[in-house]
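Visitor: Please find start32.pdb (PDB, C-alpha atoms, pLDDT in the B column) on the next line:
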MODEL        1
ATOM      1  CA  MET A  85     -39.572 -57.764 -64.884  1.00 83.00           C
ATOM      2  CA  TYR A  86     -42.032 -60.621 -64.746  1.00 88.00           C
ATOM      3  CA  LYS A  87     -41.701 -64.369 -65.244  1.00 90.00           C
ATOM      4  CA  ALA A  88     -44.501 -66.279 -66.927  1.00 90.00           C
ATOM      5  CA  LYS A  89     -44.742 -70.045 -66.942  1.00 91.00           C
ATOM      6  CA  ILE A  90     -46.850 -71.312 -69.814  1.00 91.00           C
ATOM      7  CA  GLU A  91     -47.255 -75.059 -69.554  1.00 84.00           C
ATOM      8  CA  ASP A  92     -43.562 -76.122 -69.166  1.00 86.00           C
ATOM      9  CA  GLN A  93     -41.882 -73.059 -70.691  1.00 92.00           C
ATOM     10  CA  VAL A  94     -40.673 -70.004 -68.721  1.00 92.00           C
ATOM     11  CA  PHE A  95     -40.560 -66.506 -70.228  1.00 93.00           C
ATOM     12  CA  ASP A  96     -39.067 -63.261 -68.880  1.00 92.00           C
ATOM     13  CA  PHE A  97     -41.167 -60.294 -69.918  1.00 88.00           C
ATOM     14  CA  GLU A  98     -41.815 -56.655 -69.190  1.00 90.00           C
ATOM     15  CA  PHE A  99     -44.132 -53.979 -70.515  1.00 88.00           C
ATOM     16  CA  ASN A 100     -43.092 -50.622 -71.950  1.00 87.00           C
ATOM     17  CA  ASN A 101     -46.453 -48.917 -71.491  1.00 79.00           C
ATOM     18  CA  GLN A 102     -49.561 -48.988 -69.313  1.00 79.00           C
ATOM     19  CA  THR A 103     -51.678 -50.868 -71.853  1.00 81.00           C
ATOM     20  CA  GLY A 104     -49.435 -53.938 -71.852  1.00 80.00           C
ATOM     21  CA  LEU A 105     -49.414 -53.965 -75.634  1.00 87.00           C
ATOM     22  CA  LYS A 106     -45.712 -53.120 -75.996  1.00 91.00           C
ATOM     23  CA  GLY A 107     -42.769 -54.685 -74.235  1.00 91.00           C
ATOM     24  CA  SER A 108     -40.229 -57.458 -74.461  1.00 92.00           C
ATOM     25  CA  VAL A 109     -40.240 -61.222 -74.022  1.00 92.00           C
ATOM     26  CA  ASN A 110     -36.895 -62.941 -73.416  1.00 93.00           C
ATOM     27  CA  GLY A 111     -35.146 -59.775 -74.664  1.00 91.00           C
ATOM     28  CA  GLN A 112     -37.125 -59.493 -77.915  1.00 91.00           C
ATOM     29  CA  THR A 113     -39.484 -56.544 -78.287  1.00 90.00           C
ATOM     30  CA  PHE A 114     -43.141 -57.065 -79.117  1.00 89.00           C
ATOM     31  CA  GLU A 115     -46.087 -54.943 -80.090  1.00 89.00           C
ATOM     32  CA  MET A 116     -49.632 -56.158 -80.506  1.00 89.00           C
ATOM     33  CA  ASP A 117     -53.151 -54.880 -81.139  1.00 90.00           C
ATOM     34  CA  LEU A 118     -56.060 -55.818 -78.905  1.00 90.00           C
ATOM     35  CA  LYS A 119     -59.827 -55.688 -79.314  1.00 91.00           C
ATOM     36  CA  THR A 120     -62.247 -56.929 -76.660  1.00 90.00           C
ATOM     37  CA  GLN A 121     -65.750 -58.239 -77.323  1.00 87.00           C
ATOM     38  CA  GLY A 122     -67.503 -59.425 -74.158  1.00 85.00           C
ATOM     39  CA  SER A 123     -65.368 -62.084 -72.524  1.00 83.00           C
ATOM     40  CA  LYS A 124     -63.247 -62.707 -75.632  1.00 90.00           C
ATOM     41  CA  HIS A 125     -60.121 -60.813 -76.600  1.00 92.00           C
ATOM     42  CA  HIS A 126     -58.818 -60.639 -80.137  1.00 92.00           C
ATOM     43  CA  VAL A 127     -55.037 -60.117 -80.375  1.00 91.00           C
ATOM     44  CA  ILE A 128     -52.953 -59.528 -83.487  1.00 90.00           C
ATOM     45  CA  HIS A 129     -49.247 -60.195 -83.014  1.00 86.00           C
ATOM     46  CA  GLU A 130     -46.722 -60.455 -85.864  1.00 87.00           C
ATOM     47  CA  ASN A 131     -49.572 -60.534 -88.392  1.00 89.00           C
ATOM     48  CA  GLN A 132     -51.165 -63.556 -86.700  1.00 91.00           C
ATOM     49  CA  SER A 133     -54.627 -63.470 -85.155  1.00 92.00           C
ATOM     50  CA  TYR A 134     -55.424 -65.020 -81.741  1.00 93.00           C
ATOM     51  CA  THR A 135     -58.747 -65.304 -79.937  1.00 94.00           C
ATOM     52  CA  ILE A 136     -58.192 -65.446 -76.179  1.00 94.00           C
ATOM     53  CA  GLU A 137     -60.733 -66.199 -73.467  1.00 94.00           C
ATOM     54  CA  ILE A 138     -60.093 -66.462 -69.717  1.00 90.00           C
ATOM     55  CA  VAL A 139     -61.477 -69.809 -68.559  1.00 91.00           C
ATOM     56  CA  ASN A 140     -60.316 -69.749 -64.945  1.00 90.00           C
ATOM     57  CA  PHE A 141     -58.472 -67.104 -62.897  1.00 89.00           C
ATOM     58  CA  ASN A 142     -56.848 -67.610 -59.479  1.00 86.00           C
ATOM     59  CA  GLU A 143     -55.728 -64.234 -58.122  1.00 83.00           C
ATOM     60  CA  LYS A 144     -54.117 -65.742 -55.012  1.00 79.00           C
ATOM     61  CA  ASN A 145     -51.851 -68.073 -57.004  1.00 81.00           C
ATOM     62  CA  LYS A 146     -51.421 -65.567 -59.859  1.00 87.00           C
ATOM     63  CA  SER A 147     -52.432 -68.244 -62.341  1.00 90.00           C
ATOM     64  CA  CYS A 148     -55.096 -68.788 -64.944  1.00 91.00           C
ATOM     65  CA  THR A 149     -56.323 -71.072 -67.664  1.00 93.00           C
ATOM     66  CA  LEU A 150     -56.704 -69.419 -71.049  1.00 92.00           C
ATOM     67  CA  LYS A 151     -58.370 -70.666 -74.185  1.00 94.00           C
ATOM     68  CA  VAL A 152     -56.221 -69.501 -77.110  1.00 94.00           C
ATOM     69  CA  ASN A 153     -57.798 -70.305 -80.475  1.00 95.00           C
ATOM     70  CA  ASN A 154     -59.896 -72.981 -78.690  1.00 93.00           C
ATOM     71  CA  GLN A 155     -56.859 -74.640 -77.072  1.00 94.00           C
ATOM     72  CA  GLU A 156     -56.602 -74.443 -73.261  1.00 93.00           C
ATOM     73  CA  ILE A 157     -53.255 -73.480 -71.723  1.00 93.00           C
ATOM     74  CA  SER A 158     -52.175 -72.905 -68.118  1.00 93.00           C
ATOM     75  CA  VAL A 159     -50.328 -69.692 -67.263  1.00 93.00           C
ATOM     76  CA  SER A 160     -48.764 -68.558 -63.993  1.00 91.00           C
ATOM     77  CA  VAL A 161     -46.981 -65.244 -63.415  1.00 91.00           C
ATOM     78  CA  GLN A 162     -44.383 -64.064 -60.896  1.00 88.00           C
ATOM     79  CA  ASP A 163     -43.730 -60.373 -60.317  1.00 86.00           C
ATOM     80  CA  LYS A 164     -40.465 -58.944 -58.964  1.00 85.00           C
ATOM     81  CA  TYR A 165     -41.610 -59.487 -55.359  1.00 84.00           C
ATOM     82  CA  ASP A 166     -42.403 -63.164 -55.951  1.00 81.00           C
ATOM     83  CA  GLN A 167     -38.979 -63.587 -57.563  1.00 81.00           C
ATOM     84  CA  LEU A 168     -37.254 -61.848 -54.623  1.00 82.00           C
ATOM     85  CA  LEU A 169     -39.057 -64.080 -52.112  1.00 77.00           C
ATOM     86  CA  LYS A 170     -37.925 -67.115 -54.108  1.00 79.00           C
ATOM     87  CA  GLN A 171     -34.303 -65.892 -54.098  1.00 82.00           C
ATOM     88  CA  LEU A 172     -34.513 -65.484 -50.318  1.00 81.00           C
ATOM     89  CA  GLY A 173     -35.983 -68.981 -49.934  1.00 76.00           C
ATOM     90  CA  MET A 174     -39.297 -67.588 -48.717  1.00 69.00           C
ATOM     91  CA  GLU A 175     -41.559 -68.441 -51.670  1.00 66.00           C
ATOM     92  CA  ASN A 176     -43.884 -70.564 -49.519  1.00 62.00           C
ATOM     93  CA  VAL A 177     -44.431 -67.893 -46.868  1.00 57.00           C
ATOM     94  CA  ASN A 178     -48.030 -67.245 -48.037  1.00 58.00           C
ATOM     95  CA  LYS A 179     -48.827 -70.900 -48.640  1.00 58.00           C
ATOM     96  CA  VAL A 180     -49.129 -72.035 -45.028  1.00 62.00           C
ATOM     97  CA  LYS A 181     -51.567 -74.936 -44.969  1.00 75.00           C
ATOM     98  CA  ILE A 182     -54.218 -74.681 -42.308  1.00 83.00           C
ATOM     99  CA  ASN A 183     -54.989 -78.145 -41.005  1.00 91.00           C
ATOM    100  CA  LYS A 184     -57.133 -77.502 -37.921  1.00 94.00           C
ATOM    101  CA  VAL A 185     -59.807 -75.298 -36.364  1.00 95.00           C
ATOM    102  CA  ALA A 186     -59.377 -74.396 -32.706  1.00 95.00           C
ATOM    103  CA  ALA A 187     -61.916 -72.876 -30.336  1.00 95.00           C
ATOM    104  CA  PRO A 188     -61.525 -69.081 -30.350  1.00 93.00           C
ATOM    105  CA  MET A 189     -62.968 -68.936 -26.806  1.00 94.00           C
ATOM    106  CA  PRO A 190     -64.211 -71.318 -24.135  1.00 96.00           C
ATOM    107  CA  GLY A 191     -67.802 -72.436 -24.633  1.00 96.00           C
ATOM    108  CA  MET A 192     -70.229 -75.236 -25.337  1.00 97.00           C
ATOM    109  CA  VAL A 193     -70.710 -76.960 -28.701  1.00 97.00           C
ATOM    110  CA  VAL A 194     -74.377 -76.375 -29.596  1.00 97.00           C
ATOM    111  CA  GLN A 195     -74.429 -77.960 -33.063  1.00 97.00           C
ATOM    112  CA  ILE A 196     -71.924 -79.684 -35.345  1.00 97.00           C
ATOM    113  CA  ILE A 197     -72.726 -78.955 -38.986  1.00 96.00           C
ATOM    114  CA  ALA A 198     -69.621 -80.485 -40.617  1.00 94.00           C
ATOM    115  CA  GLN A 199     -69.204 -84.203 -41.224  1.00 96.00           C
ATOM    116  CA  ILE A 200     -66.059 -86.305 -41.563  1.00 96.00           C
ATOM    117  CA  GLY A 201     -65.036 -86.696 -45.207  1.00 96.00           C
ATOM    118  CA  THR A 202     -66.984 -83.644 -46.357  1.00 94.00           C
ATOM    119  CA  GLN A 203     -65.247 -81.144 -48.650  1.00 94.00           C
ATOM    120  CA  VAL A 204     -65.676 -77.584 -47.384  1.00 94.00           C
ATOM    121  CA  LYS A 205     -64.828 -74.186 -48.823  1.00 92.00           C
ATOM    122  CA  LYS A 206     -63.280 -71.302 -46.922  1.00 88.00           C
ATOM    123  CA  GLY A 207     -66.010 -69.472 -44.989  1.00 91.00           C
ATOM    124  CA  GLU A 208     -68.405 -72.432 -44.909  1.00 94.00           C
ATOM    125  CA  ASN A 209     -70.185 -73.107 -41.580  1.00 96.00           C
ATOM    126  CA  LEU A 210     -68.651 -75.900 -39.468  1.00 97.00           C
ATOM    127  CA  LEU A 211     -70.275 -75.678 -36.022  1.00 97.00           C
ATOM    128  CA  ILE A 212     -72.015 -73.429 -33.527  1.00 97.00           C
ATOM    129  CA  LEU A 213     -70.209 -72.609 -30.283  1.00 96.00           C
ATOM    130  CA  GLU A 214     -72.106 -70.935 -27.448  1.00 96.00           C
ATOM    131  CA  ALA A 215     -70.046 -68.590 -25.297  1.00 93.00           C
ATOM    132  CA  MET A 216     -71.326 -66.017 -22.781  1.00 89.00           C
ATOM    133  CA  LYS A 217     -74.956 -66.764 -23.793  1.00 90.00           C
ATOM    134  CA  MET A 218     -74.216 -65.966 -27.461  1.00 94.00           C
ATOM    135  CA  GLU A 219     -74.117 -68.429 -30.323  1.00 95.00           C
ATOM    136  CA  ASN A 220     -71.052 -68.084 -32.549  1.00 94.00           C
ATOM    137  CA  MET A 221     -70.857 -69.673 -35.985  1.00 95.00           C
ATOM    138  CA  ILE A 222     -67.415 -71.223 -36.463  1.00 96.00           C
ATOM    139  CA  LYS A 223     -66.493 -71.127 -40.149  1.00 95.00           C
ATOM    140  CA  SER A 224     -63.849 -72.945 -42.159  1.00 93.00           C
ATOM    141  CA  PRO A 225     -60.587 -70.973 -42.446  1.00 90.00           C
ATOM    142  CA  THR A 226     -59.595 -72.880 -45.601  1.00 88.00           C
ATOM    143  CA  ASP A 227     -60.740 -75.127 -48.438  1.00 89.00           C
ATOM    144  CA  GLY A 228     -60.280 -78.759 -47.488  1.00 90.00           C
ATOM    145  CA  THR A 229     -61.704 -82.110 -46.484  1.00 95.00           C
ATOM    146  CA  ILE A 230     -62.814 -82.745 -42.892  1.00 96.00           C
ATOM    147  CA  LYS A 231     -60.461 -85.385 -41.469  1.00 96.00           C
ATOM    148  CA  THR A 232     -61.633 -85.577 -37.836  1.00 97.00           C
ATOM    149  CA  ILE A 233     -64.161 -83.947 -35.552  1.00 97.00           C
ATOM    150  CA  GLU A 234     -62.550 -83.831 -32.121  1.00 97.00           C
ATOM    151  CA  ILE A 235     -65.622 -82.744 -30.144  1.00 97.00           C
ATOM    152  CA  LYS A 236     -69.228 -83.828 -29.562  1.00 96.00           C
ATOM    153  CA  GLN A 237     -72.442 -81.838 -29.446  1.00 96.00           C
ATOM    154  CA  GLY A 238     -73.100 -80.556 -25.893  1.00 96.00           C
ATOM    155  CA  GLU A 239     -69.409 -80.779 -24.948  1.00 97.00           C
ATOM    156  CA  THR A 240     -67.681 -77.880 -23.182  1.00 97.00           C
ATOM    157  CA  VAL A 241     -64.414 -76.774 -24.833  1.00 97.00           C
ATOM    158  CA  ASP A 242     -61.480 -74.629 -23.738  1.00 96.00           C
ATOM    159  CA  LYS A 243     -59.951 -71.769 -25.680  1.00 95.00           C
ATOM    160  CA  ASN A 244     -57.541 -73.060 -28.392  1.00 95.00           C
ATOM    161  CA  GLN A 245     -58.844 -76.640 -28.063  1.00 96.00           C
ATOM    162  CA  VAL A 246     -58.761 -78.394 -31.450  1.00 96.00           C
ATOM    163  CA  LEU A 247     -62.295 -78.822 -32.772  1.00 97.00           C
ATOM    164  CA  ILE A 248     -61.851 -80.083 -36.342  1.00 97.00           C
ATOM    165  CA  THR A 249     -58.870 -81.219 -38.444  1.00 96.00           C
ATOM    166  CA  PHE A 250     -58.457 -81.166 -42.234  1.00 94.00           C
ATOM    167  CA  ASP A 251     -56.652 -83.490 -44.667  1.00 89.00           C
TER     168      ASP A 251
ENDMDL
END
Represent the structure from my file as structure tokens, please.
Guide:
Amino acid sequence: MYKAKIEDQVFDFEFNNQTGLKGSVNGQTFEMDLKTQGSKHHVIHENQSYTIEIVNFNEKNKSCTLKVNNQEISVSVQDKYDQLLKQLGMENVNKVKINKVAAPMPGMVVQIIAQIGTQVKKGENLLILEAMKMENMIKSPTDGTIKTIEIKQGETVDKNQVLITFD
């Protein structure tokens, strides 16, 4: 059993086959036909035709933005495991916000690439830390905005010392 939130409405649904074209929504059975052409999907359900295109897909959040007959809608889905975590009060267990970067080892700051106020993406280069005669690129562990830079170029840092914080 899945739960889908479409805009402000919540639906319980499940599929009866592998194709996802038969199942039930809120206890009522459905069957639909599907034809795909490139990035567009053509669905016929209860003698009505729908053109569906995926505009944006976020696998981590299990959400997407769809364009249905040229109207954008937001959809998020919870599977049985998400629902169980919610029942146990653990729904935010995977949503821990990372708000700092600490030195993974003692070393010297060779170059600071990041700047305060800059928006960075996960995996983007922040600084170079030299340790044991090797230069190590320290990358962003999250998407965010640089709040503070706690170190200066040429400074020696200890293991686990905070280097950069995020908003």
Visitor: I'd like to know which of A:Asn140, A:Gln245, A:Gln132, A:Thr226 is closest to Met192 of chain A, using only C-alpha atoms.
Guide: A:Gln245
Visitor: Can you list what the PyMOL selection byres ((chain A and resi 99) around 12) grabs from this structure, as an mmCIF file with C-alpha atoms, in the coordinates of the input?
Guide:
data_model
loop_
_atom_site.group_PDB
_atom_site.id
_atom_site.type_symbol
_atom_site.label_atom_id
_atom_site.label_comp_id
_atom_site.auth_asym_id
_atom_site.auth_seq_id
_atom_site.Cartn_x
_atom_site.Cartn_y
_atom_site.Cartn_z
ATOM 1 C CA MET A 85 -39.572 -57.764 -64.884
ATOM 2 C CA TYR A 86 -42.032 -60.621 -64.746
ATOM 3 C CA LYS A 87 -41.701 -64.369 -65.244
ATOM 4 C CA ASP A 96 -39.067 -63.261 -68.880
ATOM 5 C CA PHE A 97 -41.167 -60.294 -69.918
ATOM 6 C CA GLU A 98 -41.815 -56.655 -69.190
ATOM 7 C CA ASN A 100 -43.092 -50.622 -71.950
ATOM 8 C CA ASN A 101 -46.453 -48.917 -71.491
ATOM 9 C CA GLN A 102 -49.561 -48.988 -69.313
ATOM 10 C CA THR A 103 -51.678 -50.868 -71.853
ATOM 11 C CA GLY A 104 -49.435 -53.938 -71.852
ATOM 12 C CA LEU A 105 -49.414 -53.965 -75.634
ATOM 13 C CA LYS A 106 -45.712 -53.120 -75.996
ATOM 14 C CA GLY A 107 -42.769 -54.685 -74.235
ATOM 15 C CA SER A 108 -40.229 -57.458 -74.461
ATOM 16 C CA VAL A 109 -40.240 -61.222 -74.022
ATOM 17 C CA ASN A 110 -36.895 -62.941 -73.416
ATOM 18 C CA GLY A 111 -35.146 -59.775 -74.664
ATOM 19 C CA GLN A 112 -37.125 -59.493 -77.915
ATOM 20 C CA THR A 113 -39.484 -56.544 -78.287
ATOM 21 C CA PHE A 114 -43.141 -57.065 -79.117
ATOM 22 C CA GLU A 115 -46.087 -54.943 -80.090
ATOM 23 C CA MET A 116 -49.632 -56.158 -80.506
#
Visitor: Any chance you could resolve the PyMOL selection byres ((chain A and resi 184) around 8) against this file and give the residues as a PyMOL selection string?
Guide: chain A and resi 182-183+185-186+246-250
Visitor: Of the candidates A:Met216, A:Leu172, A:Ala198, A:Leu211, which shows the shortest atom-to-atom distance to Lys231 of chain A, using only C-alpha atoms?
Guide: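 Looking at the shortest contact to Lys231 of chain A, the residue is A:Ala198.
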Visitor: Using all atoms listed in the file, which of the listed residues (A:Tyr165, A:Ser133, A:Lys170, A:Gly207) sits closest to Asn153 of chain A?
Guide: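 Counting all atoms listed in the file, the residue closest to Asn153 of chain A is A:Ser133.
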Visitor: Of the candidates A:Ala187, A:Leu210, A:Val152, A:Val204, which shows the shortest atom-to-atom distance to Lys243 of chain A, using only C-alpha atoms?
Guide: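 Distance minimum relative to Lys243 of chain A lands on A:Ala187.
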Visitor: Work out how far apart atom CA of Ile212 of chain A and atom CA of Val193 of chain A are and give it in Å to one decimal.
Guide: 6.1 Å
Visitor: Using only C-alpha atoms, find the one residue out of A:Thr135, A:Gln155, A:Ser224, A:Thr120 that sits nearest to Lys205 of chain A.
Guide: A:Ser224
Visitor: Grab the atom CA of Ile233 of chain A to atom CA of Gln203 of chain A distance for me, in Å with one decimal place.
Guide: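 Result for atom CA of Ile233 of chain A versus atom CA of Gln203 of chain A: 13.4 Å, one decimal.
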Visitor: Check what the PyMOL selection byres ((chain A and resi 137) around 10) selects in the file above and give those residues as a ChimeraX atom specification.
Guide: /A:120,122-126,134-136,138-140,149-156
Visitor: Counting all atoms listed in the file, what is within 12 Å of Lys217 of chain A, bar same-chain residues fewer than 6 positions away, as a PyMOL selection string?
Guide: chain A and resi 190-192+194
Visitor: Assuming 5 Å of padding per side, give the centre and edge lengths of the axis-aligned box around every listed atom of segment 181-197 of chain A, in Å to one decimal and as lines of an AutoDock Vina configuration file.
Guide:
center_x = -63.0
center_y = -74.3
center_z = -34.6
size_x = 32.9
size_y = 20.7
size_z = 30.8
Visitor: Can you measure atom CA of Asp227 of chain A to atom CA of Lys146 of chain A for me? One decimal in Å is fine.
Guide: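 It comes out at 17.6 Å.
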Visitor: Which residue, A:Ile157, A:Ile197, A:Ile128, A:Leu168, has the smallest gap to Ile230 of chain A when you use only C-alpha atoms?
Guide: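 Going through A:Ile157, A:Ile197, A:Ile128, A:Leu168 one by one, the smallest distance to Ile230 of chain A is for A:Ile197.
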Visitor: Hey, what's within 10 Å of Pro188 of chain A if we count all atoms listed in the file and toss same-chain stuff fewer than 6 positions away? As a ChimeraX atom specification, please?
Guide: /A:213,215,220,222,241-246
